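Content type mmCIF, C-alpha atoms and all ligand atoms, from the file upload14.cif:
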```cif
data_model
#
loop_
_atom_site.label_atom_id
_atom_site.label_comp_id
_atom_site.auth_asym_id
_atom_site.auth_seq_id
_atom_site.Cartn_x
_atom_site.Cartn_y
_atom_site.Cartn_z
CA MET A 9 -10.53 8.86 11.75
CA ILE A 10 -7.92 7.77 9.18
CA ARG A 11 -9.06 8.23 5.56
CA CYS A 12 -7.93 5.80 2.84
CA VAL A 13 -8.43 6.82 -0.78
CA THR A 14 -8.61 4.30 -3.65
CA PHE A 15 -9.37 5.58 -7.16
CA ASN A 16 -9.04 2.14 -8.78
CA PRO A 17 -10.05 -0.69 -6.44
CA ALA A 18 -10.09 -4.32 -7.53
CA VAL A 19 -11.71 -7.63 -6.75
CA ASP A 20 -8.67 -9.85 -6.27
CA GLN A 21 -9.25 -13.33 -7.66
CA THR A 22 -6.55 -15.61 -6.31
CA VAL A 23 -6.09 -18.85 -8.24
CA SER A 24 -3.94 -21.41 -6.41
CA LEU A 25 -1.92 -23.82 -8.53
CA GLN A 26 1.06 -26.07 -8.09
CA ARG A 27 3.22 -24.38 -10.71
CA LEU A 28 2.62 -21.76 -13.38
CA GLN A 29 3.59 -23.21 -16.75
CA PRO A 30 2.85 -20.84 -19.64
CA GLY A 31 1.34 -22.53 -22.69
CA GLU A 32 0.10 -25.55 -20.67
CA VAL A 33 -3.40 -26.51 -19.51
CA LEU A 34 -3.30 -25.94 -15.76
CA ARG A 35 -5.66 -27.34 -13.12
CA ALA A 36 -6.19 -24.98 -10.23
CA ASP A 37 -6.29 -26.26 -6.65
CA GLY A 38 -8.64 -23.49 -5.56
CA VAL A 39 -9.90 -19.99 -6.16
CA ARG A 40 -11.01 -17.17 -3.87
CA GLN A 41 -12.18 -13.62 -4.27
CA ASP A 42 -11.32 -10.75 -1.96
CA PRO A 43 -12.12 -7.07 -2.03
CA GLY A 44 -8.83 -5.34 -2.83
CA GLY A 45 -7.01 -2.41 -4.30
CA LYS A 46 -4.33 -0.58 -2.40
CA GLY A 47 -6.37 1.85 -0.26
CA ILE A 48 -9.01 -0.80 0.48
CA ASN A 49 -6.31 -3.15 1.76
CA VAL A 50 -4.78 -0.38 3.89
CA ALA A 51 -8.19 0.48 5.36
CA SER A 52 -8.91 -3.18 6.12
CA CYS A 53 -5.57 -3.67 7.96
CA LEU A 54 -5.99 -0.42 9.93
CA ALA A 55 -9.46 -1.57 11.00
CA ASP A 56 -8.02 -4.94 12.11
CA TRP A 57 -5.51 -2.97 14.22
CA GLY A 58 -8.47 -1.30 15.93
CA LEU A 59 -8.32 2.18 14.41
CA ALA A 60 -11.29 4.17 13.13
CA VAL A 61 -11.13 4.20 9.32
CA ALA A 62 -13.07 5.63 6.40
CA ALA A 63 -12.83 4.48 2.77
CA HIS A 64 -12.97 7.14 0.04
CA GLY A 65 -12.60 6.88 -3.73
CA LEU A 66 -14.55 5.12 -6.46
CA LEU A 67 -16.42 1.80 -6.71
CA GLY A 68 -18.17 0.21 -9.67
CA ARG A 69 -21.91 0.06 -9.02
CA GLU A 70 -22.35 -3.42 -10.55
CA ASN A 71 -20.26 -5.40 -8.06
CA ALA A 72 -20.03 -3.20 -4.96
CA THR A 73 -21.45 -5.86 -2.60
CA ILE A 74 -18.13 -7.59 -1.86
CA PHE A 75 -16.68 -4.23 -0.72
CA GLU A 76 -19.81 -3.28 1.23
CA GLN A 77 -19.58 -6.59 3.09
CA LEU A 78 -15.97 -5.86 4.05
CA PHE A 79 -16.87 -2.35 5.25
CA ALA A 80 -19.79 -3.69 7.30
CA ALA A 81 -17.74 -6.54 8.80
CA LYS A 82 -14.90 -4.23 9.89
CA GLY A 83 -16.83 -1.06 10.73
CA ILE A 84 -15.16 0.94 7.94
CA ALA A 85 -17.10 4.13 7.13
CA ASP A 86 -18.08 3.95 3.44
CA HIS A 87 -17.59 7.27 1.61
CA MET A 88 -16.85 5.69 -1.76
CA ARG A 89 -18.61 7.14 -4.78
CA ARG A 90 -20.43 4.60 -6.95
CA VAL A 91 -19.71 4.89 -10.68
CA PRO A 92 -21.34 3.08 -13.62
CA GLY A 93 -19.88 -0.32 -14.50
CA ALA A 94 -17.99 -2.92 -12.52
CA THR A 95 -14.85 -2.64 -10.41
CA ARG A 96 -12.10 -4.55 -12.22
CA THR A 97 -11.09 -8.09 -11.33
CA ASN A 98 -7.35 -8.64 -10.84
CA ILE A 99 -6.11 -12.19 -11.22
CA LYS A 100 -3.42 -13.42 -8.83
CA LEU A 101 -1.82 -16.74 -9.79
CA LEU A 102 -0.43 -18.18 -6.55
CA GLU A 103 1.99 -21.09 -6.87
CA ALA A 104 2.54 -23.66 -4.13
CA GLY A 105 6.00 -22.18 -3.42
CA GLY A 106 4.45 -18.77 -2.69
CA ARG A 107 5.36 -16.99 -5.94
CA THR A 108 2.50 -14.81 -7.22
CA THR A 109 1.94 -13.57 -10.76
CA ASP A 110 -0.45 -10.62 -11.06
CA VAL A 111 -2.67 -10.00 -14.08
CA ASN A 112 -4.36 -6.67 -13.37
CA LEU A 113 -7.36 -6.07 -15.64
CA PRO A 114 -8.76 -2.76 -16.85
CA GLY A 115 -11.68 -1.43 -14.84
CA PHE A 116 -14.38 1.21 -15.00
CA GLU A 117 -13.96 4.59 -16.69
CA ALA A 118 -14.15 7.65 -14.49
CA GLY A 119 -14.01 11.36 -15.20
CA ALA A 120 -13.20 14.76 -13.75
CA LEU A 121 -16.59 14.95 -12.00
CA ASP A 122 -15.82 11.73 -10.15
CA ALA A 123 -12.39 13.00 -9.08
CA ALA A 124 -14.02 16.24 -7.86
CA ALA A 125 -16.62 14.25 -5.89
CA VAL A 126 -13.86 12.26 -4.17
CA ALA A 127 -12.08 15.53 -3.28
CA ASP A 128 -15.41 16.87 -1.93
CA SER A 129 -15.83 13.79 0.25
CA LEU A 130 -12.58 14.86 1.95
CA ALA A 131 -13.51 18.52 2.30
CA GLU A 132 -13.95 18.24 6.07
CA VAL A 133 -10.47 16.80 6.70
CA ALA A 134 -8.83 19.00 9.31
CA ALA A 135 -5.17 19.89 9.88
CA GLY A 136 -3.35 16.99 11.52
CA GLU A 137 -5.74 14.29 10.24
CA MET A 138 -4.22 11.39 8.34
CA VAL A 139 -5.08 10.53 4.75
CA VAL A 140 -3.61 7.60 2.82
CA ILE A 141 -3.77 7.79 -0.98
CA SER A 142 -2.63 4.69 -2.81
CA GLY A 143 -2.87 2.70 -6.00
CA SER A 144 -3.37 3.41 -9.67
CA GLN A 145 -5.82 5.84 -11.29
CA ALA A 146 -9.04 4.63 -12.89
CA ALA A 147 -9.12 4.87 -16.69
CA GLY A 148 -10.18 8.35 -17.80
CA LEU A 149 -8.68 10.18 -14.81
CA GLY A 150 -5.72 12.48 -15.29
CA ALA A 151 -2.39 10.94 -14.30
CA ASP A 152 -1.98 13.65 -11.66
CA THR A 153 -5.38 13.12 -9.97
CA SER A 154 -3.97 11.53 -6.81
CA ALA A 155 -1.07 13.98 -6.74
CA ARG A 156 -3.36 17.01 -6.91
CA LEU A 157 -5.56 15.63 -4.16
CA ALA A 158 -2.51 14.86 -2.01
CA ALA A 159 -1.10 18.37 -2.50
CA ALA A 160 -4.43 20.04 -1.70
CA LEU A 161 -4.83 17.99 1.49
CA ALA A 162 -1.22 18.52 2.59
CA ALA A 163 -1.53 22.27 1.98
CA ARG A 164 -4.49 22.22 4.40
CA GLY A 165 -2.29 20.59 7.03
CA ALA A 166 -3.44 16.98 6.60
CA ARG A 167 -0.77 14.33 7.21
CA VAL A 168 -0.67 12.49 3.89
CA VAL A 169 0.83 9.04 3.31
CA LEU A 170 1.32 8.09 -0.34
CA ASP A 171 1.82 4.79 -2.14
CA LEU A 172 1.77 5.74 -5.82
CA SER A 173 3.87 4.86 -8.82
CA GLY A 174 4.99 6.26 -12.18
CA PRO A 175 3.74 9.70 -13.24
CA ALA A 176 1.37 9.94 -10.25
CA LEU A 177 4.28 9.54 -7.83
CA ALA A 178 6.48 11.94 -9.81
CA ALA A 179 3.72 14.58 -9.79
CA ALA A 180 3.16 14.17 -6.04
CA LEU A 181 6.87 14.48 -5.30
CA ALA A 182 7.11 17.63 -7.41
CA ALA A 183 4.68 19.51 -5.14
CA PRO A 184 5.94 22.70 -3.47
CA ALA A 185 7.34 22.42 0.07
CA GLY A 186 4.06 23.19 1.87
CA ALA A 187 2.14 20.61 -0.13
CA LEU A 188 4.39 17.55 0.13
CA PRO A 189 3.24 14.29 1.72
CA LEU A 190 4.40 13.34 5.21
CA ALA A 191 5.49 9.87 4.08
CA VAL A 192 5.93 7.85 0.89
CA LYS A 193 6.54 4.12 0.33
CA PRO A 194 8.08 3.48 -3.07
CA ASN A 195 9.62 0.13 -3.98
CA ARG A 196 12.98 0.00 -5.76
CA ALA A 197 11.46 0.21 -9.28
CA GLU A 198 9.22 3.14 -8.31
CA LEU A 199 12.13 5.03 -6.76
CA GLU A 200 14.25 4.32 -9.86
CA ALA A 201 11.47 5.68 -12.09
CA TRP A 202 11.35 8.87 -9.98
CA ALA A 203 15.15 9.25 -9.87
CA GLY A 204 15.52 8.50 -13.59
CA ARG A 205 18.50 6.22 -12.94
CA PRO A 206 19.09 2.60 -11.88
CA LEU A 207 19.49 2.14 -8.12
CA ALA A 208 21.04 -1.31 -8.03
CA GLU A 209 23.58 -0.40 -5.34
CA ARG A 210 22.33 0.01 -1.80
CA SER A 211 24.26 3.29 -1.51
CA ALA A 212 22.46 4.67 -4.59
CA LEU A 213 19.09 3.59 -3.25
CA LEU A 214 19.76 5.27 0.07
CA ALA A 215 21.00 8.44 -1.63
CA ALA A 216 17.77 8.69 -3.64
CA ALA A 217 15.66 8.22 -0.50
CA GLN A 218 17.74 10.87 1.28
CA GLU A 219 17.15 13.26 -1.65
CA LEU A 220 13.42 12.99 -0.99
CA VAL A 221 13.90 13.56 2.73
CA ALA A 222 16.01 16.63 1.91
CA ARG A 223 13.13 17.90 -0.25
CA GLY A 224 10.94 17.90 2.89
CA ILE A 225 9.31 14.46 3.09
CA ALA A 226 9.63 13.39 6.72
CA LEU A 227 9.66 9.64 6.08
CA VAL A 228 10.67 7.65 3.01
CA VAL A 229 10.21 3.88 3.21
CA VAL A 230 11.71 1.87 0.37
CA SER A 231 10.21 -1.62 0.34
CA LEU A 232 12.62 -4.35 -0.77
CA GLY A 233 10.49 -7.52 -0.83
CA THR A 234 11.78 -10.37 1.33
CA GLU A 235 14.85 -8.29 2.30
CA GLY A 236 12.59 -5.93 4.25
CA ALA A 237 12.49 -2.16 3.90
CA ALA A 238 14.73 0.87 4.40
CA PHE A 239 13.14 3.49 6.66
CA VAL A 240 14.77 6.88 6.05
CA GLY A 241 14.02 10.07 7.98
CA ALA A 242 15.72 13.39 8.64
CA ASP A 243 17.58 11.99 11.68
CA GLY A 244 18.84 8.81 10.02
CA GLY A 245 17.18 5.49 9.50
CA VAL A 246 17.21 1.73 9.69
CA LEU A 247 16.89 -1.33 7.53
CA ALA A 248 14.17 -3.54 8.96
CA ALA A 249 14.35 -7.23 8.06
CA PRO A 250 11.26 -9.39 8.63
CA PRO A 251 11.20 -12.53 10.75
CA ALA A 252 10.86 -15.89 8.93
CA LEU A 253 8.10 -15.35 6.40
CA ALA A 254 5.02 -17.48 5.81
CA HIS A 255 4.52 -18.80 2.25
CA GLY A 256 1.24 -16.89 1.74
CA SER A 257 0.27 -14.71 -1.17
CA THR A 258 2.41 -11.57 -1.27
CA VAL A 259 -0.59 -9.62 -2.62
CA GLY A 260 -1.32 -6.75 -0.26
CA ALA A 261 1.83 -7.16 1.87
CA GLY A 262 3.00 -3.72 0.73
CA ASP A 263 -0.41 -2.30 1.60
CA ALA A 264 -0.17 -3.88 5.05
CA MET A 265 3.19 -2.14 5.43
CA VAL A 266 1.58 1.20 4.48
CA ALA A 267 -1.07 0.50 7.12
CA GLY A 268 1.64 -0.22 9.70
CA ILE A 269 3.45 3.02 8.82
CA THR A 270 0.19 4.97 9.03
CA ALA A 271 -0.85 3.44 12.34
CA ALA A 272 2.60 4.13 13.80
CA LEU A 273 2.53 7.76 12.62
CA ALA A 274 -0.96 8.17 14.10
CA GLU A 275 0.30 6.66 17.37
CA GLY A 276 3.38 8.93 17.40
CA LEU A 277 5.95 6.10 17.39
CA GLU A 278 9.60 6.99 16.79
CA LEU A 279 11.37 5.65 13.70
CA GLN A 280 12.70 2.36 15.06
CA ALA A 281 9.39 1.34 16.61
CA LEU A 282 7.61 2.46 13.44
CA ALA A 283 9.93 0.29 11.32
CA ARG A 284 9.25 -2.73 13.54
CA GLN A 285 5.50 -2.21 13.43
CA ALA A 286 5.29 -1.63 9.66
CA THR A 287 7.42 -4.72 8.94
CA ALA A 288 5.34 -6.81 11.34
CA PHE A 289 2.12 -5.72 9.60
CA ALA A 290 3.54 -6.91 6.24
CA ALA A 291 4.82 -10.19 7.70
CA GLY A 292 1.53 -10.77 9.53
CA LYS A 293 -0.50 -10.22 6.37
CA LEU A 294 1.42 -13.06 4.67
CA ARG A 295 -0.15 -15.47 7.16
CA HIS A 296 -3.64 -14.63 5.89
CA ALA A 297 -5.34 -14.74 2.50
CA GLY A 298 -7.10 -11.48 1.69
CA PRO A 299 -6.47 -8.03 3.19
CA HIS A 300 -6.39 -9.13 6.81
CA LEU A 301 -4.00 -8.84 9.74
CA PRO A 302 -3.58 -11.40 12.49
CA PRO A 303 -4.75 -10.29 15.96
CA PRO A 304 -2.76 -7.33 17.41
CA ALA A 305 -0.93 -9.53 19.95
CA GLU A 306 0.43 -11.68 17.11
CA VAL A 307 1.53 -8.58 15.19
CA ARG A 308 3.30 -7.26 18.32
CA ALA A 309 5.11 -10.60 18.72
CA LEU A 310 6.25 -10.37 15.09
CA ALA A 311 7.41 -6.77 15.66
CA ALA A 312 9.65 -7.96 18.48
CA GLN A 313 11.31 -10.40 16.04
CA VAL A 314 12.03 -7.78 13.34
CA ARG A 315 15.79 -7.23 12.97
CA LEU A 316 16.94 -3.61 12.74
CA LEU A 317 20.24 -2.65 11.15
CA PRO A 318 21.81 0.82 10.98
CA LEU A 319 21.63 1.97 7.35
CA ALA A 320 25.42 2.43 7.21
CA ASP A 321 25.88 -1.27 8.12
CA TRP A 322 23.29 -2.34 5.56
CA VAL A 323 24.95 -0.28 2.83
CA ALA A 324 28.35 -1.73 3.78
CA GLY A 325 26.87 -5.27 3.62
CA ARG A 326 27.56 -5.93 7.33
O1 LIG B 401 -3.85 -0.02 -8.21
P1 LIG B 401 -2.84 -0.98 -8.75
O2 LIG B 401 -1.45 -0.43 -8.73
O3 LIG B 401 -3.25 -1.51 -10.10
O4 LIG B 401 -2.77 -2.23 -7.78
C1 LIG B 401 -3.91 -2.95 -7.46
C2 LIG B 401 -3.54 -4.28 -6.89
O5 LIG B 401 -2.64 -4.07 -5.83
C3 LIG B 401 -3.15 -4.61 -4.62
O6 LIG B 401 -3.74 -3.57 -3.90
C4 LIG B 401 -2.01 -5.22 -3.84
O7 LIG B 401 -1.07 -4.23 -3.54
C5 LIG B 401 -4.21 -5.60 -5.02
O8 LIG B 401 -5.20 -5.78 -4.04
C6 LIG B 401 -4.72 -5.03 -6.31
O9 LIG B 401 -5.15 -6.04 -7.17
#
```

Can you turn what I pasted into structure tokens?
Ligand SMILES: O=P(O)(O)OC[C@H]1O[C@](O)(CO)[C@@H](O)[C@@H]1O
Amino acid sequence: MIRCVTFNPAVDQTVSLQRLQPGEVLRADGVRQDPGGKGINVASCLADWGLAVAAHGLLGRENATIFEQLFAAKGIADHMRRVPGATRTNIKLLEAGGRTTDVNLPGFEAGALDAAAVADSLAEVAAGEMVVISGSQAAGLGADTSARLAAALAARGARVVLDLSGPALAAALAAPAGALPLAVKPNRAELEAWAGRPLAERSALLAAAQELVARGIALVVVSLGTEGAAFVGADGGVLAAPPALAHGSTVGAGDAMVAGITAALAEGLELQALARQATAFAAGKLRHAGPHLPPPAEVRALAAQVRLLPLADWVAGR
């Protein structure tokens, strides 16, 4: 059973329009609502891949139905704690060309008791089990809530995959050697915030990822949008470039990549196969609205089309 933790889920409201023009009256072509938030999206993609998944974290009591329907439809075990209020709605403005603008709204307030209850829901996690912790903290929770949970689980031998940003990521990466995550997936901005310096050059980006590997994180994946992602481990790495991308909403593509990384780690794939699979999950997600993967055969076909480049060649611009 793979556990996915989301402290601050969201109902994603995607508004499709021809072009976003600030200050104008815009007519939308359509609107849809999907259950979302980083760990929810990861859980949903893992379930589509056929793995047994449980969702942990917090959900607003007032609008839990859309999440409960997703869990029921995909057989995701629901261990999410209900809290007073509504889960936030995040607005995604999707233009015809594929560009998305995110307006993420504030959500429910949570407290230390809620964080403790989420930790309790994971008390049975055994050494070797996989736990994904991703996304922002709910208002009212300490900035290090996810990091503390990650460190406690890793210290118990759980294999932890993290997709955090800002102070939460910094706190998680500052854990002592025995309490570090197995894998992290920062994007360029998140890695820059951790490093405290700009990482515009590919060589600088790679050096920062290697610093994390040297600290004891087995796998660092730096996502680079349409360019793909750099997969860096102790024995080297690759740049994985996606096949031709569909013009879908990019919302949740990073979460699909986290799901692909997690599935590959659970399946024991080596780095190159892992990079192909994770990139194919992200590319496959772009073909679908909402947190859904295409059928596994389609994802495998995409994985075969992913281009892998030695990191030295990528850094040298070859
Ligand atoms: O937790 P955060 O960082 O606010 O991100 C939440 C948003 O990110 C997504 O999970 C996409 O990555 C959306 O589903 C959601 O609206």

Which chains and residue numbers are within 9 Å of ligand LIG 401 (chain B), counting only C-alpha atoms and all ligand atoms, if I want them as number ranges by chain? A: 14-21, 42-50, 96-100, 110-114, 142-146, 172-173, 258-264, 298-299

Could you pull the residues within 9 Å of Leu59 of chain A, counting all atoms listed in the file, minus those fewer than 4 positions along the same chain, as an MDAnalysis selection string? chainID A and resid 9:10 54:55 271

Between A:Pro250, A:Pro92, A:Gly136, A:Pro194, which residue has the minimum interatomic distance to Leu67 of chain A, considering all atoms listed in the file?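 Among A:Pro250, A:Pro92, A:Gly136, A:Pro194, it is A:Pro92 that comes nearest to Leu67 of chain A.
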
So which residues are close to (8.4, 16.8, 5.0), meaning at most 8 Å away in the file's coordinates with only C-alpha atoms counted, and can you show them as a ChimeraX atom specification? /A:185,188-191,221,223-227

So, with only C-alpha atoms as the atoms that count, which of A:Val61, A:Leu149, A:Met265, A:Ala72 lies closest to Gly236 of chain A?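 Using only C-alpha atoms, Gly236 of chain A sits closest to A:Met265.
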
Measure the distance from atom CA of Ala127 of chain A to atom CA of Ser52 of chain A in Å and round it to one decimal.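 Going from atom CA of Ala127 of chain A over to atom CA of Ser52 of chain A covers 21.2 Å.
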
Counting all atoms listed in the file, the option among A:Thr287, A:Ser24, A:Ser211, A:Thr109 closest to Pro251 of chain A: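 Looking at the shortest contact to Pro251 of chain A, the residue is A:Thr287.
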
Report, in Å with one decimal, the straight-line distance from atom CA of Leu301 of chain A to atom CA of Asp56 of chain A. 6.1 Å

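Our summary of the geometry notes that atom CA of Val323 of chain A is positioned 20.5 Å from atom CA of Leu282 of chain A.
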
Closest to Arg107 of chain A among A:Gly165, A:Cys53, A:Ala134, A:Thr234, using all atoms listed in the file? A:Thr234

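If all atoms listed in the file are the atoms counted, then among A:Gly105, A:Gly83, A:Gly58, A:Gly245 the closest residue to Gly268 of chain A is A:Gly58.
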
Nearest to Ser257 of chain A by atom-to-atom distance, counting only C-alpha atoms, from A:Ala104, A:Val168, A:Ile84, A:Ala324: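 The answer is A:Ala104, which sits nearest to Ser257 of chain A.
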
Give me, as a PyMOL selection string, all polymer residues having an atom no more than 10 Å from Trp322 of chain A, counting all atoms listed in the file and skipping those fewer than 6 positions away in the same chain. chain A and resi 210-211+238+246-248+316

Residues near Glu103 of chain A, cut-off 12 Å, all atoms listed in the file, skip fewer than 3 positions along chain, as a list in words: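 So the residues in contact are Thr22, Val23, Ser24, Leu25, Gln26, Arg27, Leu28, Gln29, Leu34, Arg35, Ala36, Asp37, Gly38, Val39, Lys100, Gly106, Arg107, Thr108, Thr109, Asp110, His255, Gly256, Ser257 and Thr258 of chain A.
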
Take every atom of segment 309-319 of chain A listed in the file, pad by 3 Å on each side, and give me the axis-aligned box centre and edge lengths in Å, one decimal, as JSON.
```
{"center_x": 13.5, "center_y": -4.3, "center_z": 13.0, "size_x": 22.7, "size_y": 18.6, "size_z": 17.4}
```

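Within the 10 Å cut-off around Leu279 of chain A, using all atoms listed in the file and omitting residues fewer than 6 positions from it on the same chain, the listed residues are Leu227, Phe239, Val240, Gly241, Asp243, Gly244, Gly245, Val246, Ile269, Ala272, Leu273 and Gln285 of chain A.
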